[in-house]
>>> print(open('work-v6.pdb').read())   # PDB, C-alpha atoms
ATOM      1  CA  MET A1008      -9.674 -27.279  13.364
ATOM      2  CA  GLY A1009     -12.138 -29.641  11.708
ATOM      3  CA  ASP A1010     -14.126 -30.271  14.872
ATOM      4  CA  GLU A1011     -16.518 -27.722  16.351
ATOM      5  CA  MET A1012     -15.311 -25.556  19.245
ATOM      6  CA  ASN A1013     -17.331 -25.313  22.437
ATOM      7  CA  PRO A1014     -18.593 -21.896  23.649
ATOM      8  CA  LYS A1015     -15.729 -21.499  26.175
ATOM      9  CA  GLN A1016     -13.168 -22.058  23.425
ATOM     10  CA  LYS A1017     -14.941 -19.583  21.151
ATOM     11  CA  ASP A1018     -14.971 -17.016  23.959
ATOM     12  CA  CYS A1019     -11.263 -17.581  24.512
ATOM     13  CA  VAL A1020     -10.382 -17.122  20.840
ATOM     14  CA  PHE A1021     -12.663 -14.089  20.550
ATOM     15  CA  GLY A1022     -11.121 -12.642  23.732
ATOM     16  CA  ILE A1023      -7.611 -12.998  22.282
ATOM     17  CA  VAL A1024      -8.615 -11.334  19.011
ATOM     18  CA  LEU A1025     -10.417  -8.489  20.804
ATOM     19  CA  LEU A1026      -7.446  -8.020  23.130
ATOM     20  CA  ILE A1027      -5.177  -7.537  20.112
ATOM     21  CA  ILE A1028      -7.604  -5.071  18.511
ATOM     22  CA  GLY A1029      -7.996  -3.195  21.819
ATOM     23  CA  ALA A1030      -4.231  -2.934  22.242
ATOM     24  CA  TYR A1031      -3.879  -1.598  18.704
ATOM     25  CA  ALA A1032      -6.665   0.973  19.202
ATOM     26  CA  THR A1033      -5.189   2.143  22.510
ATOM     27  CA  ILE A1034      -1.673   2.515  21.125
ATOM     28  CA  GLU A1035      -2.847   4.351  18.009
ATOM     29  CA  SER A1036      -5.037   6.740  20.004
ATOM     30  CA  ALA A1037      -2.140   7.504  22.373
ATOM     31  CA  LEU A1038      -0.015   8.330  19.316
ATOM     32  CA  MET A1039      -2.846  10.522  18.020
ATOM     33  CA  ILE A1040      -2.971  12.430  21.317
ATOM     34  CA  ARG A1041       0.799  12.873  21.216
ATOM     35  CA  GLN A1042       0.702  14.155  17.641
ATOM     36  CA  ALA A1043      -2.136  16.597  18.412
ATOM     37  CA  ALA A1044      -0.139  18.002  21.355
ATOM     38  CA  GLY A1045       2.766  18.917  19.086
ATOM     39  CA  PRO A1046       3.063  21.601  16.451
ATOM     40  CA  PRO A1047       1.111  22.879  14.602
ATOM     41  CA  TYR A1048      -1.983  21.864  16.615
ATOM     42  CA  ARG A1049      -0.755  22.188  20.227
ATOM     43  CA  VAL A1050      -3.911  20.622  21.696
ATOM     44  CA  ASP A1051      -2.867  20.142  25.308
ATOM     45  CA  THR A1052      -6.330  19.628  26.809
ATOM     46  CA  PHE A1053      -7.262  15.951  26.907
ATOM     47  CA  GLY A1054     -10.987  16.720  26.716
ATOM     48  CA  ILE A1055     -10.738  18.240  23.232
ATOM     49  CA  SER A1056      -8.005  15.988  21.868
ATOM     50  CA  PRO A1057      -8.993  13.976  18.781
ATOM     51  CA  GLY A1058      -7.533  10.871  20.440
ATOM     52  CA  MET A1059      -9.671  11.058  23.586
ATOM     53  CA  LEU A1060     -12.640   8.966  22.398
ATOM     54  CA  PRO A1061     -10.531   6.287  20.660
ATOM     55  CA  LEU A1062      -8.368   5.997  23.793
ATOM     56  CA  ILE A1063     -11.385   5.542  26.048
ATOM     57  CA  LEU A1064     -12.928   3.005  23.668
ATOM     58  CA  GLY A1065      -9.612   1.150  23.334
ATOM     59  CA  ILE A1066      -9.211   0.935  27.117
ATOM     60  CA  PHE A1067     -12.788  -0.325  27.497
ATOM     61  CA  LEU A1068     -12.197  -2.895  24.750
ATOM     62  CA  LEU A1069      -8.992  -4.036  26.474
ATOM     63  CA  PHE A1070     -10.754  -4.324  29.825
ATOM     64  CA  PHE A1071     -13.809  -6.216  28.594
ATOM     65  CA  SER A1072     -11.846  -8.523  26.298
ATOM     66  CA  PHE A1073      -9.560  -9.314  29.242
ATOM     67  CA  LEU A1074     -12.655 -10.135  31.319
ATOM     68  CA  LEU A1075     -13.959 -12.369  28.512
ATOM     69  CA  LEU A1076     -10.589 -14.100  28.258
ATOM     70  CA  VAL A1077     -10.327 -14.664  32.011
ATOM     71  CA  SER A1078     -13.888 -15.993  32.259
ATOM     72  CA  SER A1079     -13.292 -18.359  29.340
ATOM     73  CA  VAL A1080     -10.221 -19.971  30.937
ATOM     74  CA  ALA A1081     -11.560 -19.920  34.514
ATOM     75  CA  GLY A1082     -11.837 -23.416  35.895
ATOM     76  CA  SER A1083      -9.534 -25.077  33.385
ATOM     77  CA  GLU A1084      -6.561 -26.964  34.758
ATOM     78  CA  ASN A1085      -4.072 -25.734  32.135
ATOM     79  CA  ALA A1086      -5.035 -22.150  31.288
ATOM     80  CA  PRO A1087      -1.647 -21.110  29.767
ATOM     81  CA  GLY A1088      -1.587 -24.240  27.603
ATOM     82  CA  MET A1089      -5.161 -23.597  26.515
ATOM     83  CA  LEU A1090      -4.320 -19.997  25.581
ATOM     84  CA  ALA A1091      -1.270 -21.147  23.622
ATOM     85  CA  ASP A1092      -3.381 -23.729  21.754
ATOM     86  CA  HIS A1093      -5.936 -21.117  20.840
ATOM     87  CA  ALA A1094      -3.255 -18.657  19.738
ATOM     88  CA  ARG A1095      -1.862 -21.390  17.462
ATOM     89  CA  ASN A1096      -5.385 -22.068  16.150
ATOM     90  CA  ILE A1097      -5.806 -18.367  15.350
ATOM     91  CA  GLY A1098      -2.503 -18.454  13.456
ATOM     92  CA  ARG A1099      -3.587 -21.559  11.518
ATOM     93  CA  GLY A1100      -6.904 -19.882  10.745
ATOM     94  CA  VAL A1101      -5.151 -16.818   9.344
ATOM     95  CA  VAL A1102      -2.867 -18.988   7.211
ATOM     96  CA  SER A1103      -5.795 -21.051   5.925
ATOM     97  CA  ALA A1104      -7.752 -17.858   5.162
ATOM     98  CA  PHE A1105      -4.955 -16.663   2.892
ATOM     99  CA  ALA A1106      -4.972 -20.059   1.172
ATOM    100  CA  ASP A1107      -8.665 -19.611   0.301
ATOM    101  CA  HIS A1108      -9.278 -18.242  -3.206
ATOM    102  CA  ASP A1109     -12.417 -16.297  -2.233
ATOM    103  CA  PHE A1110     -10.595 -14.598   0.650
ATOM    104  CA  ARG A1111      -7.797 -13.516  -1.663
ATOM    105  CA  ILE A1112     -10.366 -12.081  -4.093
ATOM    106  CA  ARG A1113     -11.985 -10.106  -1.270
ATOM    107  CA  LEU A1114      -8.561  -8.904  -0.135
ATOM    108  CA  ALA A1115      -7.733  -7.730  -3.662
ATOM    109  CA  GLY A1116     -11.060  -5.860  -3.778
ATOM    110  CA  ILE A1117     -10.216  -4.166  -0.488
ATOM    111  CA  ALA A1118      -6.774  -3.272  -1.861
ATOM    112  CA  LEU A1119      -8.410  -1.704  -4.940
ATOM    113  CA  MET A1120     -10.721   0.315  -2.701
ATOM    114  CA  PHE A1121      -7.787   1.373  -0.497
ATOM    115  CA  GLY A1122      -5.845   2.436  -3.570
ATOM    116  CA  LEU A1123      -8.763   4.514  -4.798
ATOM    117  CA  CYS A1124      -9.454   6.194  -1.460
ATOM    118  CA  PHE A1125      -5.938   6.876  -0.239
ATOM    119  CA  LEU A1126      -3.671   6.909  -3.278
ATOM    120  CA  VAL A1127      -5.674   8.028  -6.309
ATOM    121  CA  LEU A1128      -8.490  10.335  -5.163
ATOM    122  CA  GLY A1129      -7.267  13.891  -5.022
ATOM    123  CA  GLU A1130      -4.378  13.172  -7.372
ATOM    124  CA  ILE A1131      -6.520  12.767 -10.493
ATOM    125  CA  PRO A1132     -10.081  13.956 -11.198
ATOM    126  CA  PHE A1133     -12.922  12.004  -9.592
ATOM    127  CA  TRP A1134     -14.443  10.926 -12.900
ATOM    128  CA  LEU A1135     -11.165   9.366 -14.010
ATOM    129  CA  ALA A1136     -10.416   7.758 -10.616
ATOM    130  CA  GLY A1137     -13.954   6.382 -10.313
ATOM    131  CA  SER A1138     -13.965   5.065 -13.864
ATOM    132  CA  LEU A1139     -10.562   3.446 -13.394
ATOM    133  CA  TYR A1140     -11.649   1.875 -10.105
ATOM    134  CA  LEU A1141     -14.880   0.472 -11.573
ATOM    135  CA  PHE A1142     -13.089  -0.792 -14.679
ATOM    136  CA  LEU A1143     -10.418  -2.591 -12.628
ATOM    137  CA  THR A1144     -13.042  -4.027 -10.287
ATOM    138  CA  PHE A1145     -15.182  -5.263 -13.180
ATOM    139  CA  LEU A1146     -12.122  -6.674 -14.908
ATOM    140  CA  PHE A1147     -10.972  -8.402 -11.759
ATOM    141  CA  LEU A1148     -14.331  -9.854 -10.774
ATOM    142  CA  ARG A1149     -15.592 -10.907 -14.193
ATOM    143  CA  PRO A1150     -15.816 -14.635 -14.798
ATOM    144  CA  ALA A1151     -13.112 -16.007 -17.063
ATOM    145  CA  ALA A1152     -14.602 -16.282 -20.554
ATOM    146  CA  SER A1153     -11.854 -18.537 -21.804
ATOM    147  CA  GLU A1154      -9.316 -20.939 -20.381
ATOM    148  CA  THR A1155      -6.637 -18.248 -20.380
ATOM    149  CA  GLY A1156      -8.805 -15.880 -18.387
ATOM    150  CA  PHE A1157      -7.827 -12.900 -20.541
ATOM    151  CA  PRO A1158     -10.695 -10.656 -21.594
ATOM    152  CA  SER A1159     -11.467 -10.099 -25.240
ATOM    153  CA  ALA A1160     -11.172  -6.640 -26.783
ATOM    154  CA  LEU A1161     -14.970  -6.419 -26.822
ATOM    155  CA  ASP A1162     -15.071  -7.215 -23.072
ATOM    156  CA  ILE A1163     -12.543  -4.460 -22.361
ATOM    157  CA  VAL A1164     -14.472  -1.893 -24.401
ATOM    158  CA  ARG A1165     -17.774  -2.956 -22.822
ATOM    159  CA  LEU A1166     -16.377  -2.761 -19.259
ATOM    160  CA  ALA A1167     -14.753   0.617 -19.932
ATOM    161  CA  ALA A1168     -18.006   2.003 -21.345
ATOM    162  CA  ILE A1169     -20.039   0.717 -18.399
ATOM    163  CA  SER A1170     -17.508   2.249 -15.986
ATOM    164  CA  VAL A1171     -17.544   5.672 -17.644
ATOM    165  CA  VAL A1172     -21.346   5.769 -17.985
ATOM    166  CA  THR A1173     -21.817   4.707 -14.348
ATOM    167  CA  VAL A1174     -19.452   7.378 -13.031
ATOM    168  CA  ALA A1175     -21.072   9.978 -15.288
ATOM    169  CA  ALA A1176     -24.484   9.032 -13.865
ATOM    170  CA  ILE A1177     -23.098   9.313 -10.321
ATOM    171  CA  LEU A1178     -21.644  12.754 -11.106
ATOM    172  CA  VAL A1179     -24.911  14.009 -12.608
ATOM    173  CA  LEU A1180     -26.962  12.566  -9.767
ATOM    174  CA  PHE A1181     -24.843  13.970  -6.945
ATOM    175  CA  GLU A1182     -23.625  17.260  -8.427
ATOM    176  CA  LYS A1183     -26.748  18.324 -10.315
ATOM    177  CA  LEU A1184     -29.609  16.727  -8.386
ATOM    178  CA  PHE A1185     -28.236  16.652  -4.832
ATOM    179  CA  LYS A1186     -25.999  19.742  -5.275
ATOM    180  CA  THR A1187     -23.044  17.935  -3.682
ATOM    181  CA  THR A1188     -19.417  18.377  -4.646
ATOM    182  CA  LEU A1189     -17.575  15.114  -5.162
ATOM    183  CA  PRO A1190     -13.847  14.811  -4.463
TER
END
>>> encode(input="work-v6.pdb", output="structure tokens")
Amino acid sequence: MGDEMNPKQKDCVFGIVLLIIGAYATIESALMIRQAAGPPYRVDTFGISPGMLPLILGIFLLFFSFLLLVSSVAGSENAPGMLADHARNIGRGVVSAFADHDFRIRLAGIALMFGLCFLVLGEIPFWLAGSLYLFLTFLFLRPAASETGFPSALDIVRLAAISVVTVAAILVLFEKLFKTTLP
């Protein structure tokens, strides 16, 4: 994929990616509607179902990405072959993204955020979860001070103190000044 793609090829690849996202959104919203119709909610009116808007948006995304895909392959002599080539290019792009060090760092940061939001918050107090999250993020993103990459004891104490003070400032700011309850 070293050479630059022309606009039709970019539209084709983007159409494939959007088609996949649209299919996912439509399927998930249909499952949401089905779940809301069952106990304990028993929402049987489509107009008030929590899955109504995502379903409509997913269908629109499917429709318009299909139009983009069709318009990008219109006029080519080997449309199925072109689509297969682009699907392979998308696969190679995903594989090469995971080979990139910066991408893996971003992915680990997203995993830390996911862990905080969905696994830790609510299970332990906010101040502890926030401090732990900041400490792990600082520890993970700090430049390696030595060849081994292990932090010194002073670095660990410094990062822990910064994490606790930052979360304490956030708690004071939001709970005392803004009168907001944090999770």
>>> resolve_selection(input="work-v6.pdb", expression="the PyMOL selection byres ((chain A and resi 1115-1127) around 10)", output="PyMOL selection string")
chain A and resi 1109-1114+1128-1133+1135-1137+1139-1141+1143-1144+1147-1148
>>> write_last_selection(input="work-v6.pdb", atoms="C-alpha atoms", output="PDB file, in the frame of the given file")
ATOM      1  CA  ASP A1109     -12.417 -16.297  -2.233  1.00  0.00           C
ATOM      2  CA  PHE A1110     -10.595 -14.598   0.650  1.00  0.00           C
ATOM      3  CA  ARG A1111      -7.797 -13.516  -1.663  1.00  0.00           C
ATOM      4  CA  ILE A1112     -10.366 -12.081  -4.093  1.00  0.00           C
ATOM      5  CA  ARG A1113     -11.985 -10.106  -1.270  1.00  0.00           C
ATOM      6  CA  LEU A1114      -8.561  -8.904  -0.135  1.00  0.00           C
ATOM      7  CA  LEU A1128      -8.490  10.335  -5.163  1.00  0.00           C
ATOM      8  CA  GLY A1129      -7.267  13.891  -5.022  1.00  0.00           C
ATOM      9  CA  GLU A1130      -4.378  13.172  -7.372  1.00  0.00           C
ATOM     10  CA  ILE A1131      -6.520  12.767 -10.493  1.00  0.00           C
ATOM     11  CA  PRO A1132     -10.081  13.956 -11.198  1.00  0.00           C
ATOM     12  CA  PHE A1133     -12.922  12.004  -9.592  1.00  0.00           C
ATOM     13  CA  LEU A1135     -11.165   9.366 -14.010  1.00  0.00           C
ATOM     14  CA  ALA A1136     -10.416   7.758 -10.616  1.00  0.00           C
ATOM     15  CA  GLY A1137     -13.954   6.382 -10.313  1.00  0.00           C
ATOM     16  CA  LEU A1139     -10.562   3.446 -13.394  1.00  0.00           C
ATOM     17  CA  TYR A1140     -11.649   1.875 -10.105  1.00  0.00           C
ATOM     18  CA  LEU A1141     -14.880   0.472 -11.573  1.00  0.00           C
ATOM     19  CA  LEU A1143     -10.418  -2.591 -12.628  1.00  0.00           C
ATOM     20  CA  THR A1144     -13.042  -4.027 -10.287  1.00  0.00           C
ATOM     21  CA  PHE A1147     -10.972  -8.402 -11.759  1.00  0.00           C
ATOM     22  CA  LEU A1148     -14.331  -9.854 -10.774  1.00  0.00           C
TER      23      LEU A1148
END
>>> residues_around(input="work-v6.pdb", residues="range 1025-1038 of chain A", least_positions_apart="3", cutoff="8 Å", atoms="only C-alpha atoms", output="tab-separated table (two decimals) with C-alpha atoms, keeping the file's coordinate frame")
chain	number	residue	atom	x	y	z
A	1021	PHE	CA	-12.66	-14.09	20.55
A	1022	GLY	CA	-11.12	-12.64	23.73
A	1041	ARG	CA	0.80	12.87	21.22
A	1042	GLN	CA	0.70	14.16	17.64
A	1058	GLY	CA	-7.53	10.87	20.44
A	1059	MET	CA	-9.67	11.06	23.59
A	1061	PRO	CA	-10.53	6.29	20.66
A	1062	LEU	CA	-8.37	6.00	23.79
A	1063	ILE	CA	-11.38	5.54	26.05
A	1064	LEU	CA	-12.93	3.00	23.67
A	1065	GLY	CA	-9.61	1.15	23.33
A	1066	ILE	CA	-9.21	0.94	27.12
A	1067	PHE	CA	-12.79	-0.32	27.50
A	1068	LEU	CA	-12.20	-2.90	24.75
A	1069	LEU	CA	-8.99	-4.04	26.47
A	1072	SER	CA	-11.85	-8.52	26.30
A	1073	PHE	CA	-9.56	-9.31	29.24
>>> resolve_selection(input="work-v6.pdb", expression="the PyMOL selection byres ((chain A and resi 1166-1168) around 8)", output="ChimeraX atom specification")
/A:1138,1142,1145-1146,1162-1165,1169-1172
>>> atom_distance(input="work-v6.pdb", atom1="CA of Leu1076 in chain A", atom2="CA of Arg1099 in chain A")
19.6 Å
>>> atom_distance(input="work-v6.pdb", atom1="CA of Gly1088 in chain A", atom2="CA of Ala1104 in chain A")
24.1 Å
>>> atom_distance(input="work-v6.pdb", atom1="CA of Ser1079 in chain A", atom2="CA of Cys1019 in chain A")
5.3 Å
>>> closest_residue(input="work-v6.pdb", among="A:Gly1054, A:Lys1015, A:Phe1070, A:Leu1184", to="Gly1082 in chain A", atoms="all atoms listed in the file")
A:Lys1015
>>> closest_residue(input="work-v6.pdb", among="A:Met1039, A:Ile1055, A:Ile1023, A:Val1179", to="Asp1092 in chain A", atoms="only C-alpha atoms")
A:Ile1023
>>> axis_aligned_box(input="work-v6.pdb", around="range 1142-1147 of chain A", padding_each_side="4 Å", output="JSON")
{"center_x": -12.8, "center_y": -4.6, "center_z": -12.6, "size_x": 12.8, "size_y": 15.6, "size_z": 12.6}
>>> build_atoms(input="work-v6.pdb", residues="range 1162-1173 of chain A", atoms="all heavy atoms", output="PDB file, in the frame of the given file")
ATOM      1  N   ASP A1162     -14.838  -7.277 -24.524  1.00  0.00           N
ATOM      2  CA  ASP A1162     -15.071  -7.215 -23.072  1.00  0.00           C
ATOM      3  C   ASP A1162     -14.440  -5.962 -22.472  1.00  0.00           C
ATOM      4  O   ASP A1162     -15.049  -5.290 -21.638  1.00  0.00           O
ATOM      5  CB  ASP A1162     -14.489  -8.441 -22.366  1.00  0.00           C
ATOM      6  CG  ASP A1162     -15.339  -9.682 -22.524  1.00  0.00           C
ATOM      7  OD1 ASP A1162     -16.526  -9.537 -22.876  1.00  0.00           O
ATOM      8  OD2 ASP A1162     -14.820 -10.788 -22.278  1.00  0.00           O
ATOM      9  N   ILE A1163     -13.241  -5.635 -22.891  1.00  0.00           N
ATOM     10  CA  ILE A1163     -12.543  -4.460 -22.361  1.00  0.00           C
ATOM     11  C   ILE A1163     -13.289  -3.185 -22.723  1.00  0.00           C
ATOM     12  O   ILE A1163     -13.518  -2.319 -21.872  1.00  0.00           O
ATOM     13  CB  ILE A1163     -11.082  -4.431 -22.861  1.00  0.00           C
ATOM     14  CG1 ILE A1163     -10.296  -5.563 -22.197  1.00  0.00           C
ATOM     15  CG2 ILE A1163     -10.437  -3.074 -22.581  1.00  0.00           C
ATOM     16  CD1 ILE A1163      -8.888  -5.720 -22.685  1.00  0.00           C
ATOM     17  N   VAL A1164     -13.730  -3.079 -23.967  1.00  0.00           N
ATOM     18  CA  VAL A1164     -14.472  -1.893 -24.401  1.00  0.00           C
ATOM     19  C   VAL A1164     -15.798  -1.800 -23.657  1.00  0.00           C
ATOM     20  O   VAL A1164     -16.192  -0.725 -23.188  1.00  0.00           O
ATOM     21  CB  VAL A1164     -14.690  -1.923 -25.933  1.00  0.00           C
ATOM     22  CG1 VAL A1164     -15.673  -0.843 -26.371  1.00  0.00           C
ATOM     23  CG2 VAL A1164     -13.370  -1.771 -26.653  1.00  0.00           C
ATOM     24  N   ARG A1165     -16.489  -2.931 -23.517  1.00  0.00           N
ATOM     25  CA  ARG A1165     -17.774  -2.956 -22.822  1.00  0.00           C
ATOM     26  C   ARG A1165     -17.605  -2.543 -21.355  1.00  0.00           C
ATOM     27  O   ARG A1165     -18.366  -1.718 -20.839  1.00  0.00           O
ATOM     28  CB  ARG A1165     -18.379  -4.358 -22.914  1.00  0.00           C
ATOM     29  CG  ARG A1165     -19.774  -4.439 -22.344  1.00  0.00           C
ATOM     30  CD  ARG A1165     -20.355  -5.846 -22.437  1.00  0.00           C
ATOM     31  NE  ARG A1165     -20.338  -6.316 -23.812  1.00  0.00           N
ATOM     32  CZ  ARG A1165     -19.997  -7.545 -24.194  1.00  0.00           C
ATOM     33  NH1 ARG A1165     -19.641  -8.434 -23.299  1.00  0.00           N
ATOM     34  NH2 ARG A1165     -20.014  -7.893 -25.456  1.00  0.00           N
ATOM     35  N   LEU A1166     -16.603  -3.090 -20.668  1.00  0.00           N
ATOM     36  CA  LEU A1166     -16.377  -2.761 -19.259  1.00  0.00           C
ATOM     37  C   LEU A1166     -15.969  -1.296 -19.090  1.00  0.00           C
ATOM     38  O   LEU A1166     -16.399  -0.631 -18.136  1.00  0.00           O
ATOM     39  CB  LEU A1166     -15.320  -3.683 -18.659  1.00  0.00           C
ATOM     40  CG  LEU A1166     -15.707  -5.157 -18.529  1.00  0.00           C
ATOM     41  CD1 LEU A1166     -14.531  -5.975 -18.029  1.00  0.00           C
ATOM     42  CD2 LEU A1166     -16.912  -5.338 -17.639  1.00  0.00           C
ATOM     43  N   ALA A1167     -15.154  -0.793 -19.997  1.00  0.00           N
ATOM     44  CA  ALA A1167     -14.753   0.617 -19.932  1.00  0.00           C
ATOM     45  C   ALA A1167     -15.961   1.523 -20.137  1.00  0.00           C
ATOM     46  O   ALA A1167     -16.129   2.525 -19.420  1.00  0.00           O
ATOM     47  CB  ALA A1167     -13.667   0.910 -20.964  1.00  0.00           C
ATOM     48  N   ALA A1168     -16.822   1.183 -21.091  1.00  0.00           N
ATOM     49  CA  ALA A1168     -18.006   2.003 -21.345  1.00  0.00           C
ATOM     50  C   ALA A1168     -18.954   1.985 -20.149  1.00  0.00           C
ATOM     51  O   ALA A1168     -19.473   3.037 -19.739  1.00  0.00           O
ATOM     52  CB  ALA A1168     -18.719   1.499 -22.602  1.00  0.00           C
ATOM     53  N   ILE A1169     -19.167   0.818 -19.575  1.00  0.00           N
ATOM     54  CA  ILE A1169     -20.039   0.717 -18.399  1.00  0.00           C
ATOM     55  C   ILE A1169     -19.466   1.540 -17.251  1.00  0.00           C
ATOM     56  O   ILE A1169     -20.201   2.237 -16.546  1.00  0.00           O
ATOM     57  CB  ILE A1169     -20.224  -0.761 -17.992  1.00  0.00           C
ATOM     58  CG1 ILE A1169     -21.058  -1.495 -19.028  1.00  0.00           C
ATOM     59  CG2 ILE A1169     -20.873  -0.877 -16.618  1.00  0.00           C
ATOM     60  CD1 ILE A1169     -21.092  -3.006 -18.840  1.00  0.00           C
ATOM     61  N   SER A1170     -18.151   1.491 -17.066  1.00  0.00           N
ATOM     62  CA  SER A1170     -17.508   2.249 -15.986  1.00  0.00           C
ATOM     63  C   SER A1170     -17.689   3.747 -16.175  1.00  0.00           C
ATOM     64  O   SER A1170     -18.063   4.463 -15.241  1.00  0.00           O
ATOM     65  CB  SER A1170     -16.019   1.914 -15.921  1.00  0.00           C
ATOM     66  OG  SER A1170     -15.834   0.543 -15.685  1.00  0.00           O
ATOM     67  N   VAL A1171     -17.443   4.238 -17.372  1.00  0.00           N
ATOM     68  CA  VAL A1171     -17.544   5.672 -17.644  1.00  0.00           C
ATOM     69  C   VAL A1171     -18.995   6.136 -17.518  1.00  0.00           C
ATOM     70  O   VAL A1171     -19.267   7.183 -16.904  1.00  0.00           O
ATOM     71  CB  VAL A1171     -16.961   6.003 -19.039  1.00  0.00           C
ATOM     72  CG1 VAL A1171     -17.282   7.430 -19.453  1.00  0.00           C
ATOM     73  CG2 VAL A1171     -15.456   5.766 -19.044  1.00  0.00           C
ATOM     74  N   VAL A1172     -19.935   5.385 -18.059  1.00  0.00           N
ATOM     75  CA  VAL A1172     -21.346   5.769 -17.985  1.00  0.00           C
ATOM     76  C   VAL A1172     -21.831   5.761 -16.531  1.00  0.00           C
ATOM     77  O   VAL A1172     -22.568   6.660 -16.103  1.00  0.00           O
ATOM     78  CB  VAL A1172     -22.215   4.844 -18.875  1.00  0.00           C
ATOM     79  CG1 VAL A1172     -23.689   5.028 -18.597  1.00  0.00           C
ATOM     80  CG2 VAL A1172     -21.909   5.112 -20.342  1.00  0.00           C
ATOM     81  N   THR A1173     -21.407   4.779 -15.757  1.00  0.00           N
ATOM     82  CA  THR A1173     -21.817   4.707 -14.348  1.00  0.00           C
ATOM     83  C   THR A1173     -21.291   5.900 -13.562  1.00  0.00           C
ATOM     84  O   THR A1173     -22.027   6.530 -12.793  1.00  0.00           O
ATOM     85  CB  THR A1173     -21.318   3.396 -13.711  1.00  0.00           C
ATOM     86  OG1 THR A1173     -21.846   2.294 -14.451  1.00  0.00           O
ATOM     87  CG2 THR A1173     -21.741   3.292 -12.264  1.00  0.00           C
TER      88      THR A1173
END
